[in-house]
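**Student:** Shown below is the structure under consideration.
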There are 2 protein chains.
Amino acid sequence: MEYSQTEENYLKAIYKLSKLQPKEVATKSIGDMLEIKPPTVSDMLKKLSDKKLIKYARYKGVSLTKEGETIALKIIRKHRLWETFLVEKFKFKWDEVHAIAEQLEHINSPELVTRLDEFLDYPQFDPHGDPIPDKNGMIIQRVEKTLDKVESGDQVVMVGVKDHSPNFLKYLESLEFSLGGQISVVNIIDYDKSYVIKTKDESEKIISHQVCKNIIIKKGDE
Amino acid sequence: MEYSQTEENYLKAIYKLSKLQPKEVATKSIGDMLEIKPPTVSDMLKKLSDKKLIKYARYKGVSLTKEGETIALKIIRKHRLWETFLVEKFKFKWDEVHAIAEQLEHINSPELVTRLDEFLDYPQFDPHGDPIPDKNGMIIQRVEKTLDKVESGDQVVMVGVKDHSPNFLKYLESLEFSLGGQISVVNIIDYDKSYVIKTKDESEKIISHQVCKNIIIKKGDE
DNA sequence: TATTATTATTAGTCTTATCTAATCATAATT
DNA sequence: AATTATGATTAGATAAGACTAATAATAATA
């Protein structure tokens with residue numbers, strides 16, 4: 001009942017990729033996410049399939065079994081709890097915690113996870129707005145609407161990000177964007193779909209379409 | 001500048017063994033401590049020697065270089081800080097934290113260690129009374145006097161343990177022994193060197209010589 | 001549909017960390 | 001001092017997880 005860090009990372013990657021589209025997950029996409037070459041992925045898929053953690057047919061892609069999904073959700077739960085811990089208790093910035101949580105998520109101690117969850121008072125979202133699976137593996141499934149789907153004149157609230165890279169997060173911070181912050185779309189520039197927006201402090205800023213695609217929002221009145 | 005968990009564990013073991021006696025550390029003793037067979041240890045010693053982390057001459061045992069000791073102390077620092085954290089903040093019992101800290105000690109993030117140390121307000125001793133190396137690798141070197149060296153009639157204070165196994169720690173707890181607790185030696189039974197002792201609550205108890213050897217004490221007036 | 005491009009797999013190699021069996025060196029004992 | 005016991009090392013094997021090169025299957029396109 002114990003899996004290597006490597007196996008855990010594959011399961012987590014397959015879980016995340018499976019949420020991006022309804023189809024089976026491709027060998028290449030797993031390799032891209034984990035920065036591992038396809039032959040290595042193929043080997044591991046056979047291994048995970050033997051252990052009944054994934055459904056795998058040669059050349060047809062993979063999906064998680066119930067058991068595989070349970071493990072993936074446990075890792076994701078730990079990752080997001082640790083990120084919350086690091087930001088809330090240790091005062092790390094939101095762009096600093098991902099790499100550390102990538103290590104902490106593999107610490108194997110169910111009791112530790114219980115205490116961590118309790119210590120944080122059972123948080124539902126992590127510092128990037130991602131939902132934290134609960135102790136039974138239940139996870140809030142949001143319809144992830146991004147800023148690039150919003151029309152001119154709308155007022156929305158930032159509730160998450162799709163890019164977790166320090167670079168992106170630091171850029172958002174420099175724009176004074178933070179979770180829960182209001183964004184009003186003043187205008188959408190026709191030429192390149194750049195967004196002219198206003199944050200709470202009324203200052204106007206222009207952000208690229210690419211940036212908008214990575215900001216998860218909700219309508220102000222939802 | 002980065003070492004595998006395995007390498008870190010060898011360095012930690014060599015550090016601890018080198019403190020038990022002044023001589024060079026033997027291959028067998030490392031193997032015993034890490035539950036690894038001697039040929040495996042021999043191989044690793046060559047590897048660590050190539051990396052200049054240990055001084056090693058075939059058949060002559062090993063000792064740490066300055067660099068090797070620095071790494072060992074960093075691991076020990078992390079281990080003891082995490083144990084302190086788990087007991088103080090997460091309310092684990094002192095017999096529950098060793099196994100978890102064995103994992104946490106390998107998390108690689110100097111910034112995390114800094115924050116952890118700060119969060120705990122720079123503790124000097126862990127929940128078992130072991131000294132915690134500071135950020136510069138300075139560690140309080142105690143003369144570790146154990147209860148079996150104490151004479152009848154003496155009154156001492158328990159300041160540490162030499163056996164960190166859950167079994168031993170739970171036994172001490174059942175005897176209501178805790179760090180900082182007073183112990184009066186009422187009598188030493190000649191036959192098997194058992195100790196008749198009194199704790200603060202005045203109740204008399206008999207503990208074996210073996211148990212006494214694993215309790216680190218200081219004189220009441222030091 | 002035939003060809004080309006992309007993706008996946010197989011085959012074979014490498015490194016790390018482990019093992020067993022056999023040999024060698026040092027230490028202990030008669 | 002010779003023998004025996006203990007401990008250490010070498011040799012060779014294995015498993016996990018990575019790679020490259022070659023081949024096979026599927027998808028895209030002319």
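To be explicit about the labels: the chains of the structure tokens are called A, B, and onward in the order shown, and within each one the residues are counted from 1, while ligands get numbers from 1 in the order they are shown.
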Mind running chain A against chain B at 8 Å and telling me each contacting residue's nearest atom pair with the distance in Å (one decimal), counting only C-alpha atoms, chain and number ascending, as CSV?
**Tutor:**
residue,atom,partner,partner_atom,distance
A:Phe90,CA,B:Arg115,CA,6.0
A:Ile100,CA,B:Ser109,CA,6.8
A:Gln103,CA,B:Ile107,CA,6.3
A:Leu104,CA,B:Ile107,CA,7.0
A:Ile107,CA,B:Gln103,CA,6.3
A:Asn108,CA,B:Ile100,CA,7.7
A:Ser109,CA,B:Ile100,CA,6.8
A:Arg115,CA,B:Phe90,CA,6.0
A:Leu116,CA,B:Phe90,CA,7.4
A:Phe119,CA,B:Phe90,CA,7.1
**Student:** Export, as a PDB file, in the first residue's frame, the selected residues with N, CA and C atoms.
**Tutor:**
ATOM      1  N   PHE A  90       3.946  30.377   8.041  1.00  0.00           N
ATOM      2  CA  PHE A  90       5.361  30.706   7.899  1.00  0.00           C
ATOM      3  C   PHE A  90       5.588  31.973   7.079  1.00  0.00           C
ATOM      4  N   ILE A 100       8.556  23.907  -2.510  1.00  0.00           N
ATOM      5  CA  ILE A 100       8.675  23.262  -1.199  1.00  0.00           C
ATOM      6  C   ILE A 100       7.549  22.237  -1.006  1.00  0.00           C
ATOM      7  N   GLN A 103       7.943  18.813  -2.420  1.00  0.00           N
ATOM      8  CA  GLN A 103       8.660  17.849  -1.580  1.00  0.00           C
ATOM      9  C   GLN A 103       7.777  17.372  -0.434  1.00  0.00           C
ATOM     10  N   LEU A 104       7.141  18.309   0.238  1.00  0.00           N
ATOM     11  CA  LEU A 104       6.348  17.955   1.427  1.00  0.00           C
ATOM     12  C   LEU A 104       5.175  17.032   1.099  1.00  0.00           C
ATOM     13  N   ILE A 107       5.591  13.319   2.005  1.00  0.00           N
ATOM     14  CA  ILE A 107       5.744  12.843   3.387  1.00  0.00           C
ATOM     15  C   ILE A 107       4.580  11.919   3.704  1.00  0.00           C
ATOM     16  N   ASN A 108       4.912  10.727   4.161  1.00  0.00           N
ATOM     17  CA  ASN A 108       3.914   9.696   4.358  1.00  0.00           C
ATOM     18  C   ASN A 108       3.555   9.564   5.842  1.00  0.00           C
ATOM     19  N   SER A 109       2.486  10.198   6.245  1.00  0.00           N
ATOM     20  CA  SER A 109       2.004  10.069   7.617  1.00  0.00           C
ATOM     21  C   SER A 109       0.575  10.601   7.690  1.00  0.00           C
ATOM     22  N   ARG A 115      -3.408  16.352  11.477  1.00  0.00           N
ATOM     23  CA  ARG A 115      -3.042  17.461  12.368  1.00  0.00           C
ATOM     24  C   ARG A 115      -2.858  18.763  11.599  1.00  0.00           C
ATOM     25  N   LEU A 116      -2.273  18.647  10.420  1.00  0.00           N
ATOM     26  CA  LEU A 116      -2.043  19.821   9.578  1.00  0.00           C
ATOM     27  C   LEU A 116      -3.381  20.460   9.213  1.00  0.00           C
ATOM     28  N   PHE A 119      -4.770  22.077  12.255  1.00  0.00           N
ATOM     29  CA  PHE A 119      -3.993  23.276  12.603  1.00  0.00           C
ATOM     30  C   PHE A 119      -4.412  24.474  11.748  1.00  0.00           C
TER      31      PHE A 119
END
**Student:** Write out as a list of chain:residue names the residues lying within 10 Å of Glu144 in chain B, counting only C-alpha atoms (C1' of nucleotides) and excluding same-chain residues fewer than 6 positions away.
**Tutor:**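 Near neighbours after the sequence-gap exclusion: B:Val159, B:Gly160, B:Val161, B:Lys162, B:Ile215, B:Ile216, B:Ile217, B:Lys218.
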**Student:** Per residue of chain D within 9 Å of chain A, note the shortest atom pair and the distance in Å to one decimal, counting only C-alpha atoms (C1' of nucleotides), and order the rows by chain and increasing residue number, as a Markdown table.
**Tutor:**
| residue | atom | partner | partner_atom | distance |
| --- | --- | --- | --- | --- |
| D:DG17 | C1' | A:Thr40 | CA | 7.7 |
| D:DA18 | C1' | A:Thr40 | CA | 6.7 |
| D:DC19 | C1' | A:Lys37 | CA | 8.0 |
| D:DA25 | C1' | A:Tyr59 | CA | 7.1 |
| D:DT26 | C1' | A:Tyr59 | CA | 7.7 |
**Student:** Keeping only N, CA and C atoms (P, O5', C5', C4', C3', O3' and C1' of nucleotides), write the selected residues as an mmCIF file, in the first residue's frame.
**Tutor:**
data_model
loop_
_atom_site.group_PDB
_atom_site.id
_atom_site.type_symbol
_atom_site.label_atom_id
_atom_site.label_comp_id
_atom_site.auth_asym_id
_atom_site.auth_seq_id
_atom_site.Cartn_x
_atom_site.Cartn_y
_atom_site.Cartn_z
ATOM 1 P P DG D 17 10.428 3.592 -9.257
ATOM 2 O "O5'" DG D 17 11.265 4.485 -10.257
ATOM 3 C "C5'" DG D 17 12.343 5.240 -9.759
ATOM 4 C "C4'" DG D 17 13.169 5.767 -10.903
ATOM 5 C "C3'" DG D 17 12.350 6.396 -12.048
ATOM 6 O "O3'" DG D 17 12.903 7.661 -12.350
ATOM 7 C "C1'" DG D 17 13.947 4.914 -12.889
ATOM 8 P P DA D 18 12.052 8.789 -13.102
ATOM 9 O "O5'" DA D 18 12.780 8.891 -14.528
ATOM 10 C "C5'" DA D 18 13.787 9.828 -14.733
ATOM 11 C "C4'" DA D 18 14.970 9.246 -15.497
ATOM 12 C "C3'" DA D 18 14.883 9.247 -17.022
ATOM 13 O "O3'" DA D 18 15.041 10.545 -17.536
ATOM 14 C "C1'" DA D 18 16.081 7.373 -16.214
ATOM 15 P P DC D 19 14.564 10.900 -18.995
ATOM 16 O "O5'" DC D 19 15.756 10.395 -19.952
ATOM 17 C "C5'" DC D 19 17.092 10.809 -19.685
ATOM 18 C "C4'" DC D 19 18.052 9.949 -20.501
ATOM 19 C "C3'" DC D 19 17.735 9.882 -21.989
ATOM 20 O "O3'" DC D 19 18.439 10.904 -22.664
ATOM 21 C "C1'" DC D 19 18.182 7.694 -21.136
ATOM 22 P P DA D 25 2.536 -2.370 -35.280
ATOM 23 O "O5'" DA D 25 1.651 -1.106 -34.917
ATOM 24 C "C5'" DA D 25 1.460 -0.766 -33.535
ATOM 25 C "C4'" DA D 25 0.845 0.609 -33.466
ATOM 26 C "C3'" DA D 25 -0.437 0.755 -34.276
ATOM 27 O "O3'" DA D 25 -1.434 1.141 -33.355
ATOM 28 C "C1'" DA D 25 1.062 2.560 -34.706
ATOM 29 P P DT D 26 -2.965 1.301 -33.765
ATOM 30 O "O5'" DT D 26 -3.089 2.873 -33.989
ATOM 31 C "C5'" DT D 26 -2.811 3.733 -32.872
ATOM 32 C "C4'" DT D 26 -2.716 5.149 -33.371
ATOM 33 C "C3'" DT D 26 -3.960 5.655 -34.082
ATOM 34 O "O3'" DT D 26 -4.420 6.745 -33.319
ATOM 35 C "C1'" DT D 26 -1.998 6.283 -35.245
#
**Student:** What residues in range 55-164 of chain B get the DSSP label strand (DSSP E)? Please answer as a ChimeraX atom specification.
**Tutor:** /B:55-56,62-64,155-161
**Student:** So that I can see what lies close to Lys219 in chain B, please list as a list in words the residues with an atom at most 12 Å from it, counting only C-alpha atoms (C1' of nucleotides) and leaving out residues fewer than 2 positions away in the same chain.
**Tutor:**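 Surrounding residues, per the criterion: Val143, Glu144, Lys145, Thr146, Leu147, Lys149, Val150, Glu151, Gly153, Asp154, Gln155, Val156, Val157, Met158, Val159, Gly180, Gly181, Gln182, Ile183, Ser184, Val185, Ile216, Ile217, Asp221 and Glu222 of chain B.
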**Student:** At most 10 Å is the cut-off: for each residue in chain C with any atom that close to an atom of chain A, write down the nearest atom pair and the distance in Å rounded to one decimal, counting only C-alpha atoms (C1' of nucleotides), chain first then increasing number, as a Markdown table.
**Tutor:**
| residue | atom | partner | partner_atom | distance |
| --- | --- | --- | --- | --- |
| C:DT7 | C1' | A:Lys28 | CA | 7.3 |
| C:DA8 | C1' | A:Tyr59 | CA | 5.8 |
| C:DT9 | C1' | A:Ser42 | CA | 7.1 |
| C:DT10 | C1' | A:Pro39 | CA | 8.8 |
**Student:** How would the residues just picked look written out with N, CA and C atoms (P, O5', C5', C4', C3', O3' and C1' of nucleotides) as an mmCIF file, in the first residue's frame?
**Tutor:**
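This went into part-v1.cif:
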data_model
loop_
_atom_site.group_PDB
_atom_site.id
_atom_site.type_symbol
_atom_site.label_atom_id
_atom_site.label_comp_id
_atom_site.auth_asym_id
_atom_site.auth_seq_id
_atom_site.Cartn_x
_atom_site.Cartn_y
_atom_site.Cartn_z
ATOM 1 P P DT C 7 2.729 15.129 -31.410
ATOM 2 O "O5'" DT C 7 2.532 13.646 -30.826
ATOM 3 C "C5'" DT C 7 1.380 12.897 -31.179
ATOM 4 C "C4'" DT C 7 1.613 11.451 -30.812
ATOM 5 C "C3'" DT C 7 2.246 11.235 -29.436
ATOM 6 O "O3'" DT C 7 1.328 10.465 -28.690
ATOM 7 C "C1'" DT C 7 3.245 9.854 -31.084
ATOM 8 P P DA C 8 1.620 9.815 -27.285
ATOM 9 O "O5'" DA C 8 2.161 8.381 -27.710
ATOM 10 C "C5'" DA C 8 1.291 7.470 -28.361
ATOM 11 C "C4'" DA C 8 1.883 6.074 -28.308
ATOM 12 C "C3'" DA C 8 2.456 5.686 -26.948
ATOM 13 O "O3'" DA C 8 1.872 4.439 -26.609
ATOM 14 C "C1'" DA C 8 4.111 5.415 -28.665
ATOM 15 P P DT C 9 2.369 3.576 -25.383
ATOM 16 O "O5'" DT C 9 3.492 2.674 -26.060
ATOM 17 C "C5'" DT C 9 3.111 1.794 -27.129
ATOM 18 C "C4'" DT C 9 4.314 0.991 -27.592
ATOM 19 C "C3'" DT C 9 5.041 0.232 -26.485
ATOM 20 O "O3'" DT C 9 5.033 -1.140 -26.843
ATOM 21 C "C1'" DT C 9 6.576 1.411 -27.859
ATOM 22 P P DT C 10 5.602 -2.256 -25.828
ATOM 23 O "O5'" DT C 10 7.007 -2.660 -26.484
ATOM 24 C "C5'" DT C 10 7.103 -2.861 -27.899
ATOM 25 C "C4'" DT C 10 8.561 -3.057 -28.291
ATOM 26 C "C3'" DT C 10 9.406 -3.904 -27.343
ATOM 27 O "O3'" DT C 10 10.127 -4.840 -28.141
ATOM 28 C "C1'" DT C 10 10.476 -1.842 -27.747
#
**Student:** Would you compute the distance between CA of Trp94 in chain B and CA of Pro166 in chain B? Give it in Å to one decimal.
**Tutor:**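 Going from CA of Trp94 in chain B over to CA of Pro166 in chain B covers 8.1 Å.
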**Student:** Using only C-alpha atoms (C1' of nucleotides), which protein or nucleic acid residues come within 10 Å of DA28 in chain D? Drop anything in the same chain fewer than 6 positions from it, and give the result as an MDAnalysis selection string.
**Tutor:** chainID C and resid 4:6
**Student:** Find the spatial neighbours of Lys205 in chain B, counting only C-alpha atoms (C1' of nucleotides), within a cut-off of 9 Å - ignore same-chain residues fewer than 2 positions away - and output them as a PyMOL selection string.
**Tutor:** chain B and resi 175+195-199+203+207
**Student:** Could you go through range 28-146 of chain B and tell me which residues DSSP, when run on the backbone, assigns to alpha helix (DSSP H), listing them as a PyMOL selection string?
**Tutor:** chain B and resi 28-34+38-50+66-88+98-104+110-119
